[in-house]
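Data block for input.pdb (PDB, C-alpha atoms):
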MODEL        1
ATOM      1  CA  MET A  19      13.074  -8.794  23.215  1.00  0.00           C
ATOM      2  CA  ASP A  20      11.957 -10.639  20.102  1.00  0.00           C
ATOM      3  CA  PHE A  21       8.585  -9.905  18.514  1.00  0.00           C
ATOM      4  CA  GLY A  22       8.889 -11.655  15.196  1.00  0.00           C
ATOM      5  CA  GLY A  23      12.658 -11.370  15.043  1.00  0.00           C
ATOM      6  CA  ALA A  24      15.026  -9.033  13.289  1.00  0.00           C
ATOM      7  CA  ALA A  25      18.231 -10.013  11.539  1.00  0.00           C
ATOM      8  CA  LEU A  26      21.288  -7.835  11.643  1.00  0.00           C
ATOM      9  CA  GLY A  27      23.866  -8.612   9.011  1.00  0.00           C
ATOM     10  CA  GLY A  28      27.552  -8.141   9.667  1.00  0.00           C
ATOM     11  CA  GLY A  29      29.915  -6.768   7.084  1.00  0.00           C
ATOM     12  CA  GLY A  30      33.182  -4.971   6.781  1.00  0.00           C
ATOM     13  CA  GLY A  31      33.642  -1.777   8.716  1.00  0.00           C
ATOM     14  CA  GLY A  32      34.279   0.220   5.547  1.00  0.00           C
ATOM     15  CA  GLY A  33      30.838  -0.629   4.183  1.00  0.00           C
ATOM     16  CA  ALA A  34      28.921   0.218   7.356  1.00  0.00           C
ATOM     17  CA  GLY A  35      27.846   3.649   6.149  1.00  0.00           C
ATOM     18  CA  LEU A  36      26.765   2.267   2.790  1.00  0.00           C
ATOM     19  CA  ASP A  37      24.845  -0.535   4.497  1.00  0.00           C
ATOM     20  CA  VAL A  38      22.936   1.936   6.653  1.00  0.00           C
ATOM     21  CA  MET A  39      22.073   4.086   3.641  1.00  0.00           C
ATOM     22  CA  SER A  40      21.029   1.044   1.631  1.00  0.00           C
ATOM     23  CA  TRP A  41      18.808  -0.078   4.496  1.00  0.00           C
ATOM     24  CA  TYR A  42      17.304   3.404   4.805  1.00  0.00           C
ATOM     25  CA  MET A  43      16.618   3.779   1.083  1.00  0.00           C
ATOM     26  CA  GLY A  44      15.137   0.280   1.049  1.00  0.00           C
ATOM     27  CA  ILE A  45      12.374   1.342   3.414  1.00  0.00           C
ATOM     28  CA  PRO A  46       9.114   2.067   1.510  1.00  0.00           C
ATOM     29  CA  VAL A  47       8.457   5.738   0.958  1.00  0.00           C
ATOM     30  CA  VAL A  48       5.663   6.355   3.487  1.00  0.00           C
ATOM     31  CA  SER A  49       7.424   4.443   6.257  1.00  0.00           C
ATOM     32  CA  ARG A  50      10.666   6.264   5.418  1.00  0.00           C
ATOM     33  CA  VAL A  51       8.997   9.670   5.613  1.00  0.00           C
ATOM     34  CA  TYR A  52       7.452   8.850   8.984  1.00  0.00           C
ATOM     35  CA  LEU A  53      10.738   7.490  10.371  1.00  0.00           C
ATOM     36  CA  THR A  54      12.633  10.539   9.118  1.00  0.00           C
ATOM     37  CA  GLY A  55      10.106  12.941  10.597  1.00  0.00           C
ATOM     38  CA  ALA A  56      10.196  11.204  13.976  1.00  0.00           C
ATOM     39  CA  PHE A  57      14.007  11.124  14.062  1.00  0.00           C
ATOM     40  CA  LEU A  58      14.439  14.755  12.989  1.00  0.00           C
ATOM     41  CA  THR A  59      11.830  15.939  15.491  1.00  0.00           C
ATOM     42  CA  THR A  60      13.581  14.126  18.328  1.00  0.00           C
ATOM     43  CA  ALA A  61      16.990  15.402  17.150  1.00  0.00           C
ATOM     44  CA  ALA A  62      15.678  18.982  17.021  1.00  0.00           C
ATOM     45  CA  CYS A  63      14.500  18.674  20.619  1.00  0.00           C
ATOM     46  CA  ALA A  64      17.808  17.111  21.683  1.00  0.00           C
ATOM     47  CA  VAL A  65      19.807  20.116  20.451  1.00  0.00           C
ATOM     48  CA  ASP A  66      17.219  22.625  21.732  1.00  0.00           C
ATOM     49  CA  ILE A  67      16.130  23.864  18.307  1.00  0.00           C
ATOM     50  CA  VAL A  68      12.565  23.258  19.412  1.00  0.00           C
ATOM     51  CA  THR A  69      11.019  22.282  22.729  1.00  0.00           C
ATOM     52  CA  PRO A  70       8.525  19.457  23.335  1.00  0.00           C
ATOM     53  CA  PHE A  71       6.207  22.097  24.816  1.00  0.00           C
ATOM     54  CA  SER A  72       5.700  23.438  21.288  1.00  0.00           C
ATOM     55  CA  LEU A  73       4.933  19.984  19.893  1.00  0.00           C
ATOM     56  CA  TYR A  74       2.429  18.304  22.187  1.00  0.00           C
ATOM     57  CA  PHE A  75      -1.276  17.906  21.420  1.00  0.00           C
ATOM     58  CA  ASN A  76      -3.507  20.559  22.951  1.00  0.00           C
ATOM     59  CA  TRP A  77      -6.963  21.142  21.531  1.00  0.00           C
ATOM     60  CA  ASP A  78      -7.235  24.747  22.723  1.00  0.00           C
ATOM     61  CA  LEU A  79      -3.816  25.766  21.410  1.00  0.00           C
ATOM     62  CA  ILE A  80      -4.570  24.164  18.048  1.00  0.00           C
ATOM     63  CA  PHE A  81      -8.037  25.490  17.360  1.00  0.00           C
ATOM     64  CA  GLN A  82      -8.079  28.672  19.421  1.00  0.00           C
ATOM     65  CA  GLU A  83      -4.482  29.836  19.011  1.00  0.00           C
ATOM     66  CA  GLY A  84      -4.055  28.498  15.467  1.00  0.00           C
ATOM     67  CA  GLN A  85      -1.064  26.258  16.272  1.00  0.00           C
ATOM     68  CA  PHE A  86      -2.091  23.660  13.704  1.00  0.00           C
ATOM     69  CA  TRP A  87       1.363  22.103  13.424  1.00  0.00           C
ATOM     70  CA  ARG A  88       0.630  20.299  16.690  1.00  0.00           C
ATOM     71  CA  LEU A  89      -1.758  18.033  14.767  1.00  0.00           C
ATOM     72  CA  ILE A  90       1.339  16.589  13.079  1.00  0.00           C
ATOM     73  CA  THR A  91       4.138  17.028  15.618  1.00  0.00           C
ATOM     74  CA  SER A  92       2.209  15.224  18.355  1.00  0.00           C
ATOM     75  CA  TYR A  93       2.620  12.086  16.211  1.00  0.00           C
ATOM     76  CA  LEU A  94       6.337  12.638  15.539  1.00  0.00           C
ATOM     77  CA  PHE A  95       7.828  13.078  19.003  1.00  0.00           C
ATOM     78  CA  PHE A  96       8.619   9.824  20.847  1.00  0.00           C
ATOM     79  CA  GLY A  97      10.640  11.258  23.713  1.00  0.00           C
ATOM     80  CA  ALA A  98      14.331  11.976  24.196  1.00  0.00           C
ATOM     81  CA  PHE A  99      17.020   9.756  22.690  1.00  0.00           C
ATOM     82  CA  SER A 100      16.988   6.682  24.932  1.00  0.00           C
ATOM     83  CA  ILE A 101      16.383   2.944  24.964  1.00  0.00           C
ATOM     84  CA  ASP A 102      12.669   3.699  25.048  1.00  0.00           C
ATOM     85  CA  PHE A 103      13.033   5.837  21.912  1.00  0.00           C
ATOM     86  CA  LEU A 104      14.870   3.026  20.095  1.00  0.00           C
ATOM     87  CA  PHE A 105      12.181   0.603  21.226  1.00  0.00           C
ATOM     88  CA  HIS A 106       9.486   2.806  19.667  1.00  0.00           C
ATOM     89  CA  MET A 107      11.506   3.310  16.475  1.00  0.00           C
ATOM     90  CA  TYR A 108      11.957  -0.442  16.085  1.00  0.00           C
ATOM     91  CA  PHE A 109       8.228  -1.094  16.240  1.00  0.00           C
ATOM     92  CA  LEU A 110       7.434   1.922  14.075  1.00  0.00           C
ATOM     93  CA  VAL A 111       9.821   0.905  11.288  1.00  0.00           C
ATOM     94  CA  ARG A 112       9.151  -2.817  11.497  1.00  0.00           C
ATOM     95  CA  TYR A 113       5.361  -2.874  11.420  1.00  0.00           C
ATOM     96  CA  CYS A 114       4.851   0.235   9.319  1.00  0.00           C
ATOM     97  CA  ARG A 115       7.190  -1.329   6.771  1.00  0.00           C
ATOM     98  CA  LEU A 116       5.589  -4.777   6.988  1.00  0.00           C
ATOM     99  CA  LEU A 117       2.195  -3.273   6.264  1.00  0.00           C
ATOM    100  CA  GLU A 118       3.416  -1.098   3.406  1.00  0.00           C
ATOM    101  CA  GLU A 119       5.330  -3.963   1.799  1.00  0.00           C
ATOM    102  CA  GLY A 120       2.620  -6.520   2.541  1.00  0.00           C
ATOM    103  CA  ASP A 121      -1.091  -5.746   2.472  1.00  0.00           C
ATOM    104  CA  PHE A 122      -0.507  -2.298   0.990  1.00  0.00           C
ATOM    105  CA  ARG A 123       2.085  -3.190  -1.629  1.00  0.00           C
ATOM    106  CA  GLY A 124       1.219  -1.161  -4.726  1.00  0.00           C
ATOM    107  CA  ARG A 125      -1.553   0.597  -2.763  1.00  0.00           C
ATOM    108  CA  THR A 126       0.252   3.597  -1.334  1.00  0.00           C
ATOM    109  CA  ALA A 127      -2.898   5.737  -1.369  1.00  0.00           C
ATOM    110  CA  ASN A 128      -4.723   3.150   0.742  1.00  0.00           C
ATOM    111  CA  PHE A 129      -1.848   3.055   3.221  1.00  0.00           C
ATOM    112  CA  VAL A 130      -1.798   6.846   3.549  1.00  0.00           C
ATOM    113  CA  TYR A 131      -5.582   6.743   3.942  1.00  0.00           C
ATOM    114  CA  MET A 132      -5.224   4.237   6.791  1.00  0.00           C
ATOM    115  CA  LEU A 133      -2.755   6.521   8.576  1.00  0.00           C
ATOM    116  CA  ALA A 134      -5.032   9.526   8.006  1.00  0.00           C
ATOM    117  CA  PHE A 135      -7.970   7.547   9.407  1.00  0.00           C
ATOM    118  CA  GLY A 136      -5.918   6.797  12.506  1.00  0.00           C
ATOM    119  CA  VAL A 137      -4.753  10.386  12.938  1.00  0.00           C
ATOM    120  CA  VAL A 138      -8.258  11.832  12.614  1.00  0.00           C
ATOM    121  CA  PHE A 139      -9.918   9.491  15.091  1.00  0.00           C
ATOM    122  CA  MET A 140      -7.033   9.522  17.579  1.00  0.00           C
ATOM    123  CA  THR A 141      -7.064  13.307  17.499  1.00  0.00           C
ATOM    124  CA  LEU A 142     -10.776  13.317  18.287  1.00  0.00           C
ATOM    125  CA  ILE A 143     -10.333  10.839  21.132  1.00  0.00           C
ATOM    126  CA  ALA A 144      -7.302  12.700  22.501  1.00  0.00           C
ATOM    127  CA  SER A 145      -9.363  15.851  22.832  1.00  0.00           C
ATOM    128  CA  TYR A 146     -11.262  14.115  25.658  1.00  0.00           C
ATOM    129  CA  THR A 147      -8.167  12.718  27.372  1.00  0.00           C
ATOM    130  CA  SER A 148      -4.909  14.016  28.811  1.00  0.00           C
ATOM    131  CA  ILE A 149      -2.742  12.332  26.168  1.00  0.00           C
ATOM    132  CA  HIS A 150      -0.241  14.778  24.681  1.00  0.00           C
ATOM    133  CA  PHE A 151       1.850  12.646  22.305  1.00  0.00           C
ATOM    134  CA  LEU A 152       0.079  10.212  19.997  1.00  0.00           C
ATOM    135  CA  GLY A 153       2.825   8.512  17.999  1.00  0.00           C
ATOM    136  CA  SER A 154       2.741   5.428  20.209  1.00  0.00           C
ATOM    137  CA  ALA A 155      -1.005   5.049  19.645  1.00  0.00           C
ATOM    138  CA  LEU A 156      -0.531   5.203  15.872  1.00  0.00           C
ATOM    139  CA  THR A 157       2.188   2.550  16.117  1.00  0.00           C
ATOM    140  CA  PHE A 158      -0.136   0.333  18.161  1.00  0.00           C
ATOM    141  CA  MET A 159      -2.787   0.737  15.490  1.00  0.00           C
ATOM    142  CA  MET A 160      -0.386  -0.518  12.813  1.00  0.00           C
ATOM    143  CA  VAL A 161       0.721  -3.427  15.000  1.00  0.00           C
ATOM    144  CA  TYR A 162      -2.932  -4.368  15.564  1.00  0.00           C
ATOM    145  CA  VAL A 163      -3.844  -4.265  11.870  1.00  0.00           C
ATOM    146  CA  TRP A 164      -0.718  -6.233  10.893  1.00  0.00           C
ATOM    147  CA  GLY A 165      -1.443  -8.847  13.544  1.00  0.00           C
ATOM    148  CA  ARG A 166      -5.034  -9.350  12.417  1.00  0.00           C
ATOM    149  CA  ARG A 167      -3.928  -9.686   8.801  1.00  0.00           C
ATOM    150  CA  ASN A 168      -1.253 -12.257   9.698  1.00  0.00           C
ATOM    151  CA  GLU A 169      -3.110 -14.397  12.191  1.00  0.00           C
ATOM    152  CA  HIS A 170      -1.101 -17.561  11.475  1.00  0.00           C
ATOM    153  CA  VAL A 171       2.336 -16.000  12.057  1.00  0.00           C
ATOM    154  CA  LYS A 172       3.926 -17.354  15.246  1.00  0.00           C
ATOM    155  CA  MET A 173       5.916 -15.009  17.464  1.00  0.00           C
ATOM    156  CA  SER A 174       7.778 -15.223  20.756  1.00  0.00           C
ATOM    157  CA  PHE A 175       8.281 -13.011  23.782  1.00  0.00           C
ATOM    158  CA  LEU A 176      11.864 -13.057  25.065  1.00  0.00           C
ATOM    159  CA  GLY A 177      11.970 -16.729  24.124  1.00  0.00           C
ATOM    160  CA  PHE A 178       9.717 -17.607  27.074  1.00  0.00           C
ATOM    161  CA  PHE A 179       6.445 -18.304  25.290  1.00  0.00           C
ATOM    162  CA  SER A 180       5.031 -18.273  21.798  1.00  0.00           C
ATOM    163  CA  PHE A 181       1.836 -16.750  20.496  1.00  0.00           C
ATOM    164  CA  HIS A 182       0.174 -15.869  17.213  1.00  0.00           C
ATOM    165  CA  ALA A 183       0.431 -12.409  15.673  1.00  0.00           C
ATOM    166  CA  PRO A 184      -3.109 -11.170  16.573  1.00  0.00           C
ATOM    167  CA  TYR A 185      -2.106 -11.319  20.247  1.00  0.00           C
ATOM    168  CA  LEU A 186       0.976  -9.126  19.746  1.00  0.00           C
ATOM    169  CA  PRO A 187      -0.639  -5.788  20.754  1.00  0.00           C
ATOM    170  CA  TRP A 188      -2.062  -7.414  23.879  1.00  0.00           C
ATOM    171  CA  VAL A 189       1.326  -8.871  24.809  1.00  0.00           C
ATOM    172  CA  MET A 190       2.867  -5.427  24.321  1.00  0.00           C
ATOM    173  CA  LEU A 191       0.079  -3.881  26.388  1.00  0.00           C
ATOM    174  CA  THR A 192       0.675  -6.347  29.223  1.00  0.00           C
ATOM    175  CA  PHE A 193       4.410  -5.691  29.125  1.00  0.00           C
ATOM    176  CA  SER A 194       3.735  -1.949  29.300  1.00  0.00           C
ATOM    177  CA  VAL A 195       1.509  -2.458  32.360  1.00  0.00           C
ATOM    178  CA  LEU A 196       4.244  -4.494  34.070  1.00  0.00           C
ATOM    179  CA  LEU A 197       6.614  -1.582  33.510  1.00  0.00           C
ATOM    180  CA  GLY A 198       4.147   0.733  35.244  1.00  0.00           C
ATOM    181  CA  ASN A 199       3.134   2.711  32.155  1.00  0.00           C
ATOM    182  CA  SER A 200      -0.324   4.049  31.431  1.00  0.00           C
ATOM    183  CA  VAL A 201      -2.348   1.917  29.026  1.00  0.00           C
ATOM    184  CA  THR A 202      -4.619   4.695  27.749  1.00  0.00           C
ATOM    185  CA  THR A 203      -2.479   5.492  24.699  1.00  0.00           C
ATOM    186  CA  ASP A 204      -2.030   1.828  23.778  1.00  0.00           C
ATOM    187  CA  LEU A 205      -5.723   1.068  24.175  1.00  0.00           C
ATOM    188  CA  MET A 206      -6.545   4.023  21.933  1.00  0.00           C
ATOM    189  CA  GLY A 207      -4.340   2.559  19.207  1.00  0.00           C
ATOM    190  CA  ILE A 208      -5.950  -0.864  19.559  1.00  0.00           C
ATOM    191  CA  LEU A 209      -9.462   0.610  19.446  1.00  0.00           C
ATOM    192  CA  VAL A 210      -8.824   2.693  16.335  1.00  0.00           C
ATOM    193  CA  GLY A 211      -6.961  -0.209  14.721  1.00  0.00           C
ATOM    194  CA  HIS A 212      -9.932  -2.490  15.325  1.00  0.00           C
ATOM    195  CA  CYS A 213     -12.322   0.059  13.795  1.00  0.00           C
ATOM    196  CA  TYR A 214     -10.132   0.342  10.708  1.00  0.00           C
ATOM    197  CA  PHE A 215      -9.768  -3.433  10.399  1.00  0.00           C
ATOM    198  CA  PHE A 216     -13.533  -3.894  10.539  1.00  0.00           C
ATOM    199  CA  LEU A 217     -14.309  -1.167   8.010  1.00  0.00           C
ATOM    200  CA  GLU A 218     -11.556  -2.167   5.579  1.00  0.00           C
ATOM    201  CA  TYR A 219     -11.590  -5.969   5.730  1.00  0.00           C
ATOM    202  CA  VAL A 220     -14.745  -7.222   7.450  1.00  0.00           C
ATOM    203  CA  TYR A 221     -17.465  -4.818   6.339  1.00  0.00           C
ATOM    204  CA  PRO A 222     -16.954  -5.380   2.552  1.00  0.00           C
ATOM    205  CA  VAL A 223     -17.430  -9.136   3.053  1.00  0.00           C
ATOM    206  CA  LEU A 224     -20.570  -8.608   5.111  1.00  0.00           C
ATOM    207  CA  ALA A 225     -21.914  -6.161   2.529  1.00  0.00           C
ATOM    208  CA  GLU A 226     -21.257  -8.656  -0.277  1.00  0.00           C
ATOM    209  CA  VAL A 227     -22.943 -11.531   1.563  1.00  0.00           C
ATOM    210  CA  ARG A 228     -25.978  -9.496   2.589  1.00  0.00           C
ATOM    211  CA  GLY A 229     -26.320  -7.646  -0.685  1.00  0.00           C
ATOM    212  CA  TRP A 230     -25.870  -4.155   0.699  1.00  0.00           C
ATOM    213  CA  ARG A 231     -25.559  -1.414  -1.887  1.00  0.00           C
ATOM    214  CA  LEU A 232     -22.628   0.291  -0.181  1.00  0.00           C
ATOM    215  CA  ARG A 233     -19.924  -2.362  -0.224  1.00  0.00           C
ATOM    216  CA  LYS A 234     -16.750  -0.372   0.365  1.00  0.00           C
ATOM    217  CA  ILE A 235     -16.448   2.722   2.516  1.00  0.00           C
ATOM    218  CA  MET A 236     -12.675   2.956   3.001  1.00  0.00           C
ATOM    219  CA  GLU A 237     -11.670   3.734  -0.583  1.00  0.00           C
ATOM    220  CA  PRO A 238      -9.284   6.733  -0.770  1.00  0.00           C
ATOM    221  CA  PRO A 239     -10.534   9.767  -2.712  1.00  0.00           C
ATOM    222  CA  ALA A 240      -9.352  10.236  -6.279  1.00  0.00           C
ATOM    223  CA  ILE A 241      -7.120  13.177  -5.325  1.00  0.00           C
ATOM    224  CA  LEU A 242      -5.161  10.950  -2.928  1.00  0.00           C
ATOM    225  CA  HIS A 243      -4.732   8.318  -5.651  1.00  0.00           C
ATOM    226  CA  TRP A 244      -3.505  11.075  -7.950  1.00  0.00           C
ATOM    227  CA  PHE A 245      -1.077  12.390  -5.332  1.00  0.00           C
ATOM    228  CA  CYS A 246       0.311   8.879  -4.746  1.00  0.00           C
ATOM    229  CA  GLY A 247       0.571   8.142  -8.464  1.00  0.00           C
ATOM    230  CA  SER A 248      -2.105   5.430  -8.560  1.00  0.00           C
ATOM    231  CA  TYR A 249      -5.013   7.356 -10.077  1.00  0.00           C
ATOM    232  CA  GLN A 250      -5.075   5.322 -13.305  1.00  0.00           C
ATOM    233  CA  GLU A 251      -4.621   1.916 -11.710  1.00  0.00           C
ATOM    234  CA  ASN A 252      -8.213   1.233 -10.670  1.00  0.00           C
ATOM    235  CA  ILE A 253      -6.892  -0.660  -7.671  1.00  0.00           C
ATOM    236  CA  PRO A 254     -10.149  -1.745  -5.990  1.00  0.00           C
ATOM    237  CA  GLU A 255     -11.171  -4.010  -8.898  1.00  0.00           C
ATOM    238  CA  GLN A 256      -7.739  -5.654  -9.006  1.00  0.00           C
ATOM    239  CA  ARG A 257      -7.763  -6.363  -5.307  1.00  0.00           C
ATOM    240  CA  GLU A 258      -8.332  -9.847  -3.951  1.00  0.00           C
ATOM    241  CA  GLU A 259     -11.357 -10.173  -1.690  1.00  0.00           C
ATOM    242  CA  PRO A 260     -10.366 -10.471   1.967  1.00  0.00           C
ATOM    243  CA  HIS A 261     -11.330 -13.444   4.109  1.00  0.00           C
ATOM    244  CA  LEU A 262     -13.680 -12.989   7.021  1.00  0.00           C
ATOM    245  CA  HIS A 263     -11.797 -13.974  10.173  1.00  0.00           C
ATOM    246  CA  GLN A 264     -13.408 -15.527  13.160  1.00  0.00           C
ATOM    247  CA  ASP A 265     -12.191 -14.506  16.578  1.00  0.00           C
TER     248      ASP A 265
ENDMDL
END
Would you kindly transcribe this structure into structure tokens?
Amino acid sequence: MDFGGAALGGGGGGGAGLDVMSWYMGIPVVSRVYLTGAFLTTAACAVDIVTPFSLYFNWDLIFQEGQFWRLITSYLFFGAFSIDFLFHMYFLVRYCRLLEEGDFRGRTANFVYMLAFGVVFMTLIASYTSIHFLGSALTFMMVYVWGRRNEHVKMSFLGFFSFHAPYLPWVMLTFSVLLGNSVTTDLMGILVGHCYFFLEYVYPVLAEVRGWRLRKIMEPPAILHWFCGSYQENIPEQREEPHLHQD
């Protein structure tokens, strides 16, 4: 399966370990933390250190029993080690990294804020559904945002047909349906991704054109800028104004 392509370089066997470490350390910090958390969580379940029953999202257990770690672990577990797990890790690393190195380059606080936005709203939606693990939805959100921000990038599906990047989440959704999977989680990611895209990239342009006083509502708080080391950078004024896309 090829969604945008990935190149694997071949080298000598003696340098394989170094190549893997170089690749890992080359991943931007937020994407690397998320990948590490997802891998370690799955590994812990594989060796029976923890059980998935202690990780899944359950509103009552979280807010009545005080098991608040489920707010995080429900986004870290992607199932047992399998082809499906590798499939999810590929999309997680690829599109999380593309966003962090692309639109959010030098704006780590904004990237963390985007993920927090997704987690908060997906958690609220999940409380009304039977979805127990939300990592796939968060990945779909990132794929959606990346696709909308790279609308002219051409992609292919198994070499059979080509399409532009904004259609990627819908192609993935269709493929998931063909495999007999539920689409609720994927649709949640698309919905939250669309809300974020509108608030971050479309609303500021509308506010500027119509002269609204509140022109940006997705700016991270100062404490998050401080935590990410960007408090003194005054990023919003240095940022290039986004273009208003037409669907």
May I have the residues within 9 Å of range 133-138 of chain A as a ChimeraX atom specification, using only C-alpha atoms and disregarding those fewer than 5 positions away in the same chain?
/A:89-90,93,128,143,152,155-156,159-160,207,210-211,214
Can you work out the spacing between CA of Thr147 in chain A and CA of Thr192 in chain A in Å, to one decimal?
21.1 Å
Residues within 12 Å of Phe99 in chain A, please, as a PyMOL selection string. Count all atoms listed in the file; anything in the same chain fewer than 3 positions from it doesn't count.
chain A and resi 56-65+95-96+102-107
Nearest residue to Met132 in chain A out of A:Val163, A:Val47, A:Ala183, A:Met206, using all atoms listed in the file?
A:Val163
Output check: residues returned by the PyMOL selection byres ((chain A and resi 113) around 8), as a PyMOL selection string:
chain A and resi 109-112+114-117+157+160-161+164
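Comparing A:Asp66, A:Asp204, A:Asp78, A:Glu119 by their smallest distance to Gly44 in chain A, the closest is A:Glu119 (using only C-alpha atoms).
Note that the spacing between CA of Ser92 in chain A and CA of Phe75 in chain A amounts to 5.4 Å.
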Looking at A:His182, A:Arg50, A:Arg88, A:Arg125, which one is nearest to Phe151 in chain A, with distances taken over all atoms listed in the file?
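Ranking A:His182, A:Arg50, A:Arg88, A:Arg125 by distance to Phe151 in chain A, first place goes to A:Arg88.
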Rounded to one decimal, what separation in Å do you get between CA of Phe86 in chain A and CA of Ser145 in chain A?
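Taking CA of Phe86 in chain A as the start and CA of Ser145 in chain A as the end point, the length is 14.0 Å.
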Using all atoms listed in the file, which residues sit within 7 Å of Glu118 in chain A once same-chain residues fewer than 4 positions away are excluded, as a list in words?
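These residues fall inside the cut-off: Pro46, Cys114, Phe122, Arg123 and Phe129 of chain A.
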Give, as AutoDock Vina command-line options, the centre coordinates and the x, y and z edge lengths in Å to one decimal for an axis-aligned box around all listed atoms of range 86-101 of chain A, padded by 6 Å on each side.
--center_x 7.5 --center_y 13.3 --center_z 19.0 --size_x 31.1 --size_y 32.7 --size_z 23.9
Here is a test: counting only C-alpha atoms, which residue of A:Val38, A:Met173, A:Val227, A:Leu73 is nearest to Leu186 in chain A?
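Ranking A:Val38, A:Met173, A:Val227, A:Leu73 by distance to Leu186 in chain A, first place goes to A:Met173.
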Here's a test: counting only C-alpha atoms, identify every protein, DNA and RNA residue with an atom at most 8 Å from (-17.8, -0.3, 4.6) in the file's coordinate frame, and state them as a PDB file with C-alpha atoms, in the frame of the given file.
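Result file point-v3.pdb:
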ATOM      1  CA  LEU A 217     -14.309  -1.167   8.010  1.00  0.00           C
ATOM      2  CA  GLU A 218     -11.556  -2.167   5.579  1.00  0.00           C
ATOM      3  CA  TYR A 221     -17.465  -4.818   6.339  1.00  0.00           C
ATOM      4  CA  PRO A 222     -16.954  -5.380   2.552  1.00  0.00           C
ATOM      5  CA  ALA A 225     -21.914  -6.161   2.529  1.00  0.00           C
ATOM      6  CA  LEU A 232     -22.628   0.291  -0.181  1.00  0.00           C
ATOM      7  CA  ARG A 233     -19.924  -2.362  -0.224  1.00  0.00           C
ATOM      8  CA  LYS A 234     -16.750  -0.372   0.365  1.00  0.00           C
ATOM      9  CA  ILE A 235     -16.448   2.722   2.516  1.00  0.00           C
ATOM     10  CA  MET A 236     -12.675   2.956   3.001  1.00  0.00           C
TER      11      MET A 236
END
Find the residues around Arg166 in chain A up to 9 Å (only C-alpha atoms counted), leave out those fewer than 3 positions away in its own chain, and share them as a PyMOL selection string.
chain A and resi 161-163+169+183-185+212+215+263
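For the choices A:Gln85, A:Leu196, A:Arg167, A:Trp41, the atom-to-atom distance to Phe71 in chain A is smallest for A:Gln85 when using all atoms listed in the file.
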